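Report on the following structure.
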Number of protein chains: 2
Amino acid sequence: MALIVQKYGGTSVGTPERIRNVARRVARWRSQGNDLVVVVSAMTGETDRLLGLAREVSPQPLGRELDVVLSTGEQVTIGLLCMALEDLGVKARSYTGAQVRIVTDSAFTKARILRIDEERMRQDLAEGNVVVVAGFQGVDDKGNITTLGRGGSDTTGVALAAALKADECQIFTDVDGVYTTDPRIVPEARRLKTITFEEMLEMASLGSKVLQIRSVEFAGKYRVRLRVLSSFEEQEGEGTLITFEEDEHMEQALISGIAFNRGEAKVTVLGVPDKPGIAYQIVDPIAEANIDVDMIVQNVSVDGTTDFSFTVSQADLKQTLDILRGLQPALGARDIMGDDKIAKIGLVGVGMRSHVGVASKMFRTLSEEGINIQMISTSEIKISVVIDEKYMELAVRVLHRAFELDQPV
Amino acid sequence: MALIVQKYGGTSVGTPERIRNVARRVARWRSQGNDLVVVVSAMTGETDRLLGLAREVSPQPLGRELDVVLSTGEQVTIGLLCMALEDLGVKARSYTGAQVRIVTDSAFTKARILRIDEERMRQDLAEGNVVVVAGFQGVDDKGNITTLGRGGSDTTGVALAAALKADECQIFTDVDGVYTTDPRIVPEARRLKTITFEEMLEMASLGSKVLQIRSVEFAGKYRVRLRVLSSFEEQEGEGTLITFEEDEHMEQALISGIAFNRGEAKVTVLGVPDKPGIAYQIVDPIAEANIDVDMIVQNVSVDGTTDFSFTVSQADLKQTLDILRGLQPALGARDIMGDDKIAKIGLVGVGMRSHVGVASKMFRTLSEEGINIQMISTSEIKISVVIDEKYMELAVRVLHRAFELDQPV
């Protein structure tokens, strides 16, 4: 008998009928003798509806109060799922993040989980209940409701699996696993049976959208066995297992997948003096404002000045530019520029570590299509480029073909 | 500087614009130097929407989980109102029932408040915040979310006023006070400047709908000064003050108002043996099922058997009949009958205590219109009758005229 944490996203619980479907799936796993903790998101569209209400009331809703409003989305789902489970004769109990309790810091709208009191869940499980927990939310030490930010339900699932030392954390979504790239762009994209955590991290941060990055970090840190499965197939397949060890990684391809993201914007600080501490002076105020900075590139200096570029989410562009323009005199920068018409594309694979030539093949493939590269950043297992947004689909397709990702390994 | 608890109902916070209106009203009271605790309901239609979702998922939603779902309605409103207040420069903090904490028993969907921890609110008030609390909800000793049942937000307001020893509890609603009867039925109905608690209790229990009965009981028990005001007038008037003492009651009329209710059903247990304990045997199983029994009438016995009648809410009729039919052999009853085509009409007034003839005038007025009386029940300050539903409006109109309620005292 295994202890399994399952997480169902917004589309999986998007209607009363789908909630009953999820209940049937949970009941089947339960009837096989498993102990189950189920994490759910808000029903599709509900978070946006609540956000819309908040914006109708206030142009800039306060974080604390926004979390009070947004957290109701998941709370509705946990209640509804428990009703559906009980109708199937499955004992179930719902918990909000505050009830569990999932204790977070007080960074409203993007809180981080600090600890989880799992005592109550264990007791419920021992009494034969399925435990249903609201994703995306927690409570700070003062009892304020917090949310983990968009996609945070995955993190809740993994964090609960870690706290409970669950045998597996299953993320049910509208795809049946992790693909070499988005099949909507490249129809030949293949499902990966396994992928390493490192690769998954790079895939997630580049926006492959299957799992939220923080949940993968969590899974890696606490060694949670993570599996991505489809909630829309009648009988779920094996999905994609995210492994810790490279030797578990059966498909030792050169690269595993191509991730991409058009949700970011590029910020460039032009002509700053190339002296120690300048990167810190630029990035620290952004981080202080709780804005996540992604790809950071600084080139060698010319005439004692350098250009510093990074990407942020498009939603944060305006605030980022406002902060930097306020700092412009202090930084001694010539200009601050922002561009949200960009796309980021990344080749990911533990295999590339031991292979030269991946970068040059990538650059050649793009140049053959006349696609200009605006920024380049590399790590051990990833090469990322920023290009003009309009070439994104084309770039992904030609790279997928060039690296033969459509061929079984 | 007064400490005032204000309660705004669902229509008062029915849209983002109305929420901003409420915020302006609260800001005005605050700018006059008052400390404010504001209780809000769910936005109009929201509770019904949530109830609809629950019923789509499950034909008979569980109480515990239904409360988890329903309580989100008020939680959304508290967050939105705080955002609107902060936009006006008014410091505000929202609390769910569980956060306050408003501790209730565990009777899901119709819980009763046991105690309120007011420490945190006092601290917030001392720091200059308006405290915004979700009505209608609480938390039991095990941390389960509970709701107080429909209209429970009034009770929350009064209970908070009692716990905080507030100077006044103001119930803002879509009418500007308590009227001699419903102006939609009798256009000449007058607003009462004051009404005693006893009268208000009788008015509420008979369905005058201005205040929920439990809130009035609470107010009387804890001596909370209660005022009903309109949230739709730009500047609220004085509304209707609900007084403790009869000598405060300036309008010493024979009767104060006419209440009515067509939401109930009549249940009759025919031909039970007239022996000690029979009333208990009938009513106790109903009460055990958490069904509220209202008007109870038992007539003198004939041939050792008697007929026992009472009213319940129409929603509870089927369950009540099921329970009684199961008990029929044990009770030795000849038959169990139910009828939901009834209306209840009540004359209320502390003045009638010292006057004979109110009952006879009432019965004569009804008989002159050919309206048959099915049940009669009287108390010190109330005479209630059950009649055929179709005569309800007519009966209220002729009684209002007969007792000259349209004339100023």
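Naming works like this for the structure tokens: A, B, ... for the chains as they're shown, residue 1 at the start of each chain, ligands 1 onward in shown order.
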Cα-based least-squares overlay of chain B on chain A, as a tab-separated table (two decimals) with C-alpha atoms, in the first residue's frame:
```tsv
chain	number	residue	atom	x	y	z
B	1	MET	CA	0.09	0.03	0.07
B	2	ALA	CA	1.58	3.26	-1.14
B	3	LEU	CA	1.08	6.81	0.04
B	4	ILE	CA	0.46	8.90	-3.05
B	5	VAL	CA	-0.03	12.64	-3.41
B	6	GLN	CA	-2.06	13.53	-6.50
B	7	LYS	CA	-2.49	17.03	-7.86
B	8	TYR	CA	-5.27	18.00	-10.26
B	9	GLY	CA	-5.10	21.31	-12.11
B	10	GLY	CA	-7.83	23.78	-12.99
B	11	THR	CA	-8.94	22.23	-16.27
B	12	SER	CA	-9.15	18.78	-14.59
B	13	VAL	CA	-11.68	20.21	-12.09
B	14	GLY	CA	-13.17	22.78	-14.45
B	15	THR	CA	-16.82	21.70	-14.17
B	16	PRO	CA	-18.96	19.75	-11.68
B	17	GLU	CA	-18.86	16.81	-14.11
B	18	ARG	CA	-15.06	16.87	-14.29
B	19	ILE	CA	-14.90	17.03	-10.51
B	20	ARG	CA	-16.98	13.86	-10.41
B	21	ASN	CA	-14.55	12.33	-12.93
B	22	VAL	CA	-11.61	13.20	-10.70
B	23	ALA	CA	-13.50	11.67	-7.77
B	24	ARG	CA	-13.90	8.41	-9.73
B	25	ARG	CA	-10.18	8.40	-10.54
B	26	VAL	CA	-9.26	9.02	-6.91
B	27	ALA	CA	-11.71	6.31	-5.82
B	28	ARG	CA	-10.02	3.85	-8.19
B	29	TRP	CA	-6.56	4.56	-6.78
B	30	ARG	CA	-8.01	4.32	-3.28
B	31	SER	CA	-9.70	0.98	-4.02
B	32	GLN	CA	-6.28	-0.35	-5.03
B	33	GLY	CA	-5.28	0.11	-1.41
B	34	ASN	CA	-3.36	3.38	-1.64
B	35	ASP	CA	-3.43	6.17	0.90
B	36	LEU	CA	-4.19	9.38	-0.95
B	37	VAL	CA	-3.65	13.08	-0.42
B	38	VAL	CA	-5.22	15.06	-3.24
B	39	VAL	CA	-4.30	18.66	-4.04
B	40	VAL	CA	-6.62	20.67	-6.28
B	41	SER	CA	-6.53	23.99	-8.06
B	42	ALA	CA	-9.38	26.44	-8.56
B	43	MET	CA	-11.86	25.56	-11.31
B	44	THR	CA	-10.72	26.91	-14.71
B	45	GLY	CA	-11.47	30.60	-15.04
B	46	GLU	CA	-12.23	31.07	-11.36
B	47	THR	CA	-8.93	32.72	-10.45
B	48	ASP	CA	-9.34	35.08	-13.40
B	49	ARG	CA	-12.92	35.85	-12.36
B	50	LEU	CA	-11.77	36.71	-8.82
B	51	LEU	CA	-8.87	38.75	-10.14
B	52	GLY	CA	-11.34	40.61	-12.37
B	53	LEU	CA	-13.59	41.40	-9.40
B	54	ALA	CA	-10.61	42.68	-7.44
B	55	ARG	CA	-9.55	44.93	-10.32
B	56	GLU	CA	-13.08	46.26	-10.70
B	57	VAL	CA	-13.00	47.27	-7.05
B	58	SER	CA	-9.46	48.59	-6.96
B	59	PRO	CA	-6.98	49.49	-9.69
B	60	GLN	CA	-4.10	48.08	-7.65
B	61	PRO	CA	-5.47	45.51	-5.24
B	62	LEU	CA	-3.43	45.03	-2.06
B	63	GLY	CA	-1.50	41.77	-1.82
B	64	ARG	CA	-2.89	40.70	1.55
B	65	GLU	CA	-6.49	41.24	0.50
B	66	LEU	CA	-5.94	39.84	-2.98
B	67	ASP	CA	-4.81	36.59	-1.39
B	68	VAL	CA	-7.92	36.53	0.82
B	69	VAL	CA	-10.01	36.78	-2.36
B	70	LEU	CA	-7.99	34.48	-4.64
B	71	SER	CA	-7.63	31.67	-2.10
B	72	THR	CA	-11.39	31.09	-2.19
B	73	GLY	CA	-11.06	29.51	-5.65
B	74	GLU	CA	-9.32	26.38	-4.39
B	75	GLN	CA	-11.44	26.32	-1.25
B	76	VAL	CA	-14.54	25.83	-3.38
B	77	THR	CA	-12.92	22.93	-5.25
B	78	ILE	CA	-11.84	21.01	-2.13
B	79	GLY	CA	-15.37	21.10	-0.74
B	80	LEU	CA	-16.90	19.99	-4.04
B	81	LEU	CA	-14.40	17.16	-4.53
B	82	CYS	CA	-15.04	15.81	-1.02
B	83	MET	CA	-18.79	15.81	-1.67
B	84	ALA	CA	-18.22	13.87	-4.91
B	85	LEU	CA	-15.94	11.38	-3.12
B	86	GLU	CA	-18.42	10.77	-0.32
B	87	ASP	CA	-21.11	10.14	-2.94
B	88	LEU	CA	-18.88	7.30	-4.19
B	89	GLY	CA	-18.59	5.95	-0.66
B	90	VAL	CA	-15.04	7.24	-0.23
B	91	LYS	CA	-14.41	8.95	3.11
B	92	ALA	CA	-12.80	12.33	2.51
B	93	ARG	CA	-11.91	15.49	4.37
B	94	SER	CA	-11.02	18.86	2.92
B	95	TYR	CA	-8.44	21.33	4.19
B	96	THR	CA	-7.53	24.85	3.22
B	97	GLY	CA	-3.88	25.78	3.30
B	98	ALA	CA	-4.47	27.50	6.64
B	99	GLN	CA	-6.13	24.42	8.09
B	100	VAL	CA	-3.38	21.94	7.16
B	101	ARG	CA	-1.37	24.16	8.14
B	102	ILE	CA	0.90	25.03	5.23
B	103	VAL	CA	3.00	27.79	6.80
B	104	THR	CA	4.55	30.29	4.39
B	105	ASP	CA	6.41	33.55	4.58
B	106	SER	CA	4.36	36.75	4.27
B	107	ALA	CA	5.17	37.61	0.63
B	108	PHE	CA	1.54	37.97	-0.40
B	109	THR	CA	0.65	36.70	-3.90
B	110	LYS	CA	4.02	34.94	-4.16
B	111	ALA	CA	4.64	33.34	-0.78
B	112	ARG	CA	7.09	30.52	-0.14
B	113	ILE	CA	6.31	27.46	1.94
B	114	LEU	CA	8.33	27.31	5.19
B	115	ARG	CA	6.89	24.19	6.81
B	116	ILE	CA	3.89	21.90	6.86
B	117	ASP	CA	2.19	20.46	9.93
B	118	GLU	CA	1.38	17.01	8.66
B	119	GLU	CA	0.02	15.59	11.94
B	120	ARG	CA	-3.63	16.13	11.14
B	121	MET	CA	-3.34	14.64	7.66
B	122	ARG	CA	-1.62	11.54	9.06
B	123	GLN	CA	-4.42	11.09	11.54
B	124	ASP	CA	-7.05	11.41	8.80
B	125	LEU	CA	-5.19	8.95	6.59
B	126	ALA	CA	-4.92	6.49	9.49
B	127	GLU	CA	-8.69	6.76	9.87
B	128	GLY	CA	-9.14	5.80	6.23
B	129	ASN	CA	-9.87	9.23	4.78
B	130	VAL	CA	-8.75	10.67	1.51
B	131	VAL	CA	-7.28	14.05	2.43
B	132	VAL	CA	-8.13	16.84	-0.01
B	133	VAL	CA	-6.01	19.98	0.25
B	134	ALA	CA	-6.42	23.37	-1.43
B	135	GLY	CA	-3.42	24.07	-3.62
B	136	PHE	CA	-1.77	27.46	-4.19
B	137	GLN	CA	-2.30	28.74	-0.66
B	138	GLY	CA	-0.97	28.81	2.85
B	139	VAL	CA	-0.95	30.88	5.99
B	140	ASP	CA	1.82	32.98	7.50
B	141	ASP	CA	2.93	32.87	11.12
B	142	LYS	CA	0.50	35.66	11.99
B	143	GLY	CA	-2.45	33.75	10.56
B	144	ASN	CA	-2.75	35.79	7.36
B	145	ILE	CA	-3.87	33.89	4.25
B	146	THR	CA	-1.19	33.77	1.56
B	147	THR	CA	-1.00	32.45	-1.98
B	148	LEU	CA	1.98	30.91	-3.70
B	149	GLY	CA	1.45	32.63	-7.02
B	150	ARG	CA	0.16	31.20	-10.29
B	151	GLY	CA	0.81	27.50	-10.74
B	152	GLY	CA	1.48	27.18	-7.03
B	153	SER	CA	-0.76	24.14	-6.71
B	154	ASP	CA	2.04	21.97	-8.11
B	155	THR	CA	4.29	23.27	-5.38
B	156	THR	CA	1.67	22.44	-2.78
B	157	GLY	CA	1.51	18.88	-4.10
B	158	VAL	CA	5.26	18.36	-4.02
B	159	ALA	CA	5.63	20.02	-0.63
B	160	LEU	CA	2.95	17.77	0.86
B	161	ALA	CA	4.62	14.73	-0.71
B	162	ALA	CA	7.91	15.81	0.87
B	163	ALA	CA	6.37	16.46	4.30
B	164	LEU	CA	4.53	13.12	4.26
B	165	LYS	CA	7.45	11.26	2.64
B	166	ALA	CA	5.00	10.03	0.03
B	167	ASP	CA	5.99	7.26	-2.37
B	168	GLU	CA	5.11	9.36	-5.40
B	169	CYS	CA	3.70	12.75	-6.29
B	170	GLN	CA	1.49	12.55	-9.36
B	171	ILE	CA	0.72	15.74	-11.22
B	172	PHE	CA	-2.41	15.25	-13.32
B	173	THR	CA	-2.70	17.73	-16.12
B	174	ASP	CA	-4.16	18.09	-19.59
B	175	VAL	CA	-1.12	16.50	-21.23
B	176	ASP	CA	0.03	12.93	-20.71
B	177	GLY	CA	3.66	13.74	-19.94
B	178	VAL	CA	6.64	15.88	-20.81
B	179	TYR	CA	7.37	16.19	-24.52
B	180	THR	CA	10.52	17.01	-26.44
B	181	THR	CA	8.79	20.28	-27.17
B	182	ASP	CA	5.23	21.64	-27.46
B	183	PRO	CA	3.32	19.31	-29.87
B	184	ARG	CA	1.14	22.25	-30.90
B	185	ILE	CA	4.22	23.75	-32.55
B	186	VAL	CA	6.01	20.57	-33.58
B	187	PRO	CA	3.53	17.75	-34.29
B	188	GLU	CA	6.36	15.19	-34.28
B	189	ALA	CA	7.26	15.98	-30.66
B	190	ARG	CA	7.67	12.80	-28.57
B	191	ARG	CA	6.67	12.05	-24.96
B	192	LEU	CA	9.68	11.36	-22.73
B	193	LYS	CA	9.34	8.34	-20.42
B	194	THR	CA	11.84	9.86	-18.04
B	195	ILE	CA	13.61	13.15	-17.66
B	196	THR	CA	16.13	14.19	-15.03
B	197	PHE	CA	15.35	16.85	-12.46
B	198	GLU	CA	18.03	19.09	-13.84
B	199	GLU	CA	16.57	18.87	-17.32
B	200	MET	CA	13.07	19.37	-15.99
B	201	LEU	CA	14.19	22.47	-14.11
B	202	GLU	CA	15.65	23.92	-17.27
B	203	MET	CA	12.55	22.97	-19.25
B	204	ALA	CA	10.25	24.52	-16.67
B	205	SER	CA	12.18	27.74	-16.31
B	206	LEU	CA	12.08	28.13	-20.04
B	207	GLY	CA	8.34	27.86	-19.98
B	208	SER	CA	7.40	24.39	-21.07
B	209	LYS	CA	4.40	24.88	-18.79
B	210	VAL	CA	3.92	21.29	-17.70
B	211	LEU	CA	5.07	21.88	-14.17
B	212	GLN	CA	5.71	25.00	-12.20
B	213	ILE	CA	9.44	25.47	-11.64
B	214	ARG	CA	9.26	25.91	-7.90
B	215	SER	CA	7.56	22.55	-7.53
B	216	VAL	CA	10.40	20.88	-9.42
B	217	GLU	CA	13.01	22.58	-7.22
B	218	PHE	CA	11.13	21.35	-4.19
B	219	ALA	CA	10.90	17.84	-5.59
B	220	GLY	CA	14.63	17.79	-6.26
B	221	LYS	CA	15.52	19.19	-2.85
B	222	TYR	CA	13.39	16.68	-0.96
B	223	ARG	CA	13.89	13.80	-3.39
B	224	VAL	CA	10.20	13.52	-4.21
B	225	ARG	CA	9.45	11.04	-6.98
B	226	LEU	CA	7.41	13.14	-9.39
B	227	ARG	CA	5.25	11.88	-12.26
B	228	VAL	CA	3.27	13.85	-14.83
B	229	LEU	CA	0.05	12.15	-16.00
B	230	SER	CA	-3.03	13.02	-17.99
B	231	SER	CA	-6.33	13.46	-16.18
B	232	PHE	CA	-8.26	13.26	-19.43
B	233	GLU	CA	-7.47	9.70	-20.44
B	234	GLU	CA	-9.84	7.11	-18.99
B	235	GLN	CA	-6.95	4.99	-17.72
B	236	GLU	CA	-3.85	7.05	-17.10
B	237	GLY	CA	-0.69	5.76	-18.83
B	238	GLU	CA	2.72	5.86	-17.24
B	239	GLY	CA	3.22	9.54	-18.07
B	240	THR	CA	6.69	10.97	-17.58
B	241	LEU	CA	8.72	10.15	-14.49
B	242	ILE	CA	11.12	12.81	-13.29
B	243	THR	CA	14.22	11.05	-12.01
B	244	PHE	CA	16.97	12.10	-9.61
B	245	GLU	CA	19.84	10.20	-11.10
B	246	GLU	CA	21.32	10.48	-14.51
B	247	ASP	CA	21.84	6.72	-14.68
B	248	GLU	CA	18.08	6.34	-14.32
B	249	HIS	CA	17.84	8.42	-17.45
B	250	MET	CA	17.29	5.76	-20.08
B	251	GLU	CA	17.11	7.97	-23.10
B	252	GLN	CA	20.65	9.26	-23.20
B	253	ALA	CA	20.09	11.65	-26.06
B	254	LEU	CA	22.25	14.61	-26.82
B	255	ILE	CA	19.44	16.90	-25.87
B	256	SER	CA	16.09	15.99	-24.29
B	257	GLY	CA	13.89	18.83	-25.30
B	258	ILE	CA	13.36	22.34	-26.52
B	259	ALA	CA	11.69	24.79	-24.20
B	260	PHE	CA	10.47	28.22	-25.14
B	261	ASN	CA	8.77	31.22	-23.60
B	262	ARG	CA	7.30	34.35	-25.05
B	263	GLY	CA	6.07	35.71	-21.73
B	264	GLU	CA	9.25	37.57	-20.93
B	265	ALA	CA	10.70	40.94	-21.74
B	266	LYS	CA	14.28	42.00	-22.19
B	267	VAL	CA	15.79	44.83	-20.16
B	268	THR	CA	19.10	46.37	-21.06
B	269	VAL	CA	21.16	48.79	-19.00
B	270	LEU	CA	23.52	50.46	-21.44
B	271	GLY	CA	26.97	51.85	-20.72
B	272	VAL	CA	27.42	51.33	-17.01
B	273	PRO	CA	30.91	51.61	-15.56
B	274	ASP	CA	32.49	48.16	-15.44
B	275	LYS	CA	33.35	48.03	-11.74
B	276	PRO	CA	32.82	45.57	-8.91
B	277	GLY	CA	29.28	45.59	-7.50
B	278	ILE	CA	27.54	46.99	-10.54
B	279	ALA	CA	25.56	43.77	-11.19
B	280	TYR	CA	24.44	43.77	-7.56
B	281	GLN	CA	23.44	47.44	-7.77
B	282	ILE	CA	21.25	46.67	-10.76
B	283	VAL	CA	19.70	43.36	-9.72
B	284	ASP	CA	19.21	43.90	-6.00
B	285	PRO	CA	16.54	46.67	-6.22
B	286	ILE	CA	14.64	44.48	-8.71
B	287	ALA	CA	14.76	41.48	-6.40
B	288	GLU	CA	13.75	43.71	-3.48
B	289	ALA	CA	10.58	44.56	-5.40
B	290	ASN	CA	9.93	40.80	-5.55
B	291	ILE	CA	10.42	40.69	-9.31
B	292	ASP	CA	11.94	37.48	-10.61
B	293	VAL	CA	14.91	38.06	-12.86
B	294	ASP	CA	15.61	35.27	-15.31
B	295	MET	CA	18.37	35.11	-17.94
B	296	ILE	CA	21.19	37.57	-17.10
B	297	VAL	CA	23.89	38.45	-19.58
B	298	GLN	CA	26.81	40.80	-19.21
B	299	ASN	CA	29.37	41.18	-21.92
B	300	VAL	CA	33.02	42.16	-21.68
B	301	SER	CA	33.62	45.83	-21.23
B	302	VAL	CA	34.66	48.27	-23.88
B	303	ASP	CA	36.29	51.54	-22.78
B	304	GLY	CA	35.52	50.82	-19.14
B	305	THR	CA	31.75	50.54	-19.60
B	306	THR	CA	29.59	47.50	-20.16
B	307	ASP	CA	26.02	46.61	-21.15
B	308	PHE	CA	23.96	44.57	-18.75
B	309	SER	CA	20.87	42.65	-19.95
B	310	PHE	CA	18.33	40.40	-18.28
B	311	THR	CA	14.80	39.17	-18.75
B	312	VAL	CA	11.76	39.58	-16.50
B	313	SER	CA	8.18	38.54	-16.96
B	314	GLN	CA	6.30	40.92	-19.24
B	315	ALA	CA	3.96	41.85	-16.40
B	316	ASP	CA	6.93	43.17	-14.43
B	317	LEU	CA	8.55	45.13	-17.28
B	318	LYS	CA	7.05	48.54	-16.49
B	319	GLN	CA	7.90	48.36	-12.79
B	320	THR	CA	11.40	47.14	-13.58
B	321	LEU	CA	12.01	50.03	-15.97
B	322	ASP	CA	10.62	52.50	-13.41
B	323	ILE	CA	13.00	51.21	-10.75
B	324	LEU	CA	16.02	51.29	-13.05
B	325	ARG	CA	15.24	54.76	-14.41
B	326	GLY	CA	15.13	56.00	-10.84
B	327	LEU	CA	18.57	54.48	-10.32
B	328	GLN	CA	20.01	55.63	-13.65
B	329	PRO	CA	21.99	58.59	-12.25
B	330	ALA	CA	23.40	56.51	-9.40
B	331	LEU	CA	24.35	53.71	-11.78
B	332	GLY	CA	25.87	56.14	-14.23
B	333	ALA	CA	24.09	54.29	-17.04
B	334	ARG	CA	23.82	55.82	-20.49
B	335	ASP	CA	20.36	54.43	-21.16
B	336	ILE	CA	17.76	51.91	-19.94
B	337	MET	CA	15.85	49.98	-22.60
B	338	GLY	CA	13.02	47.47	-22.51
B	339	ASP	CA	11.67	45.17	-25.21
B	340	ASP	CA	8.77	42.77	-24.82
B	341	LYS	CA	8.72	41.53	-28.40
B	342	ILE	CA	11.09	38.69	-27.67
B	343	ALA	CA	11.03	34.94	-27.29
B	344	LYS	CA	13.41	32.74	-25.38
B	345	ILE	CA	14.36	29.32	-26.71
B	346	GLY	CA	16.42	26.76	-24.86
B	347	LEU	CA	17.98	23.43	-25.73
B	348	VAL	CA	18.08	21.22	-22.64
B	349	GLY	CA	19.85	17.93	-22.05
B	350	VAL	CA	22.20	16.29	-19.60
B	351	GLY	CA	23.68	14.64	-22.69
B	352	MET	CA	25.13	17.89	-23.99
B	353	ARG	CA	27.52	18.02	-21.05
B	354	SER	CA	29.82	15.52	-22.70
B	355	HIS	CA	29.33	16.71	-26.24
B	356	VAL	CA	30.87	19.66	-27.92
B	357	GLY	CA	29.22	21.17	-30.88
B	358	VAL	CA	25.65	21.48	-29.58
B	359	ALA	CA	25.92	25.25	-29.37
B	360	SER	CA	27.48	25.64	-32.78
B	361	LYS	CA	24.87	23.36	-34.35
B	362	MET	CA	22.13	25.43	-32.72
B	363	PHE	CA	23.56	28.75	-33.90
B	364	ARG	CA	24.13	27.41	-37.42
B	365	THR	CA	20.57	26.07	-37.64
B	366	LEU	CA	19.14	29.43	-36.64
B	367	SER	CA	21.39	31.41	-38.95
B	368	GLU	CA	20.41	29.21	-41.89
B	369	GLU	CA	16.86	30.46	-41.37
B	370	GLY	CA	18.02	34.07	-41.07
B	371	ILE	CA	17.09	34.29	-37.40
B	372	ASN	CA	19.19	36.80	-35.47
B	373	ILE	CA	20.26	35.94	-31.92
B	374	GLN	CA	19.93	38.84	-29.45
B	375	MET	CA	21.22	37.22	-26.25
B	376	ILE	CA	22.97	33.96	-25.47
B	377	SER	CA	23.32	32.29	-22.13
B	378	THR	CA	24.66	28.83	-21.42
B	379	SER	CA	24.89	26.40	-18.54
B	380	GLU	CA	26.12	22.84	-18.22
B	381	ILE	CA	22.92	21.34	-19.61
B	382	LYS	CA	21.21	24.24	-21.33
B	383	ILE	CA	21.79	26.73	-24.10
B	384	SER	CA	19.32	29.61	-24.21
B	385	VAL	CA	18.92	32.29	-26.81
B	386	VAL	CA	16.68	35.31	-27.07
B	387	ILE	CA	15.31	36.03	-30.53
B	388	ASP	CA	12.65	38.19	-32.13
B	389	GLU	CA	9.26	36.88	-31.01
B	390	LYS	CA	7.96	36.45	-34.53
B	391	TYR	CA	10.52	33.70	-35.32
B	392	MET	CA	9.74	31.59	-32.29
B	393	GLU	CA	7.69	28.77	-33.87
B	394	LEU	CA	10.05	28.54	-36.82
B	395	ALA	CA	13.08	28.33	-34.57
B	396	VAL	CA	11.57	25.57	-32.42
B	397	ARG	CA	10.61	23.53	-35.48
B	398	VAL	CA	13.97	23.71	-37.21
B	399	LEU	CA	15.86	22.95	-34.00
B	400	HIS	CA	13.60	19.98	-33.23
B	401	ARG	CA	14.38	18.57	-36.67
B	402	ALA	CA	18.10	19.40	-36.57
B	403	PHE	CA	18.57	17.56	-33.28
B	404	GLU	CA	16.40	14.64	-34.45
B	405	LEU	CA	14.11	14.87	-31.43
B	406	ASP	CA	11.33	13.25	-33.42
B	407	GLN	CA	13.35	10.01	-33.62
B	408	PRO	CA	13.12	7.42	-30.83
B	409	VAL	CA	16.45	7.02	-29.05
```
>> From a backbone DSSP assignment, name each residue in region 97-267 of chain A labelled alpha helix (DSSP H), as a count of residues only.
In response: 43
> DSSP on the backbone: what in region 297-363 of chain B comes out strand (DSSP E), as a VMD selection string?
Replying inline: chain B and resid 297 to 298 305 to 313 335 to 339 342 to 348
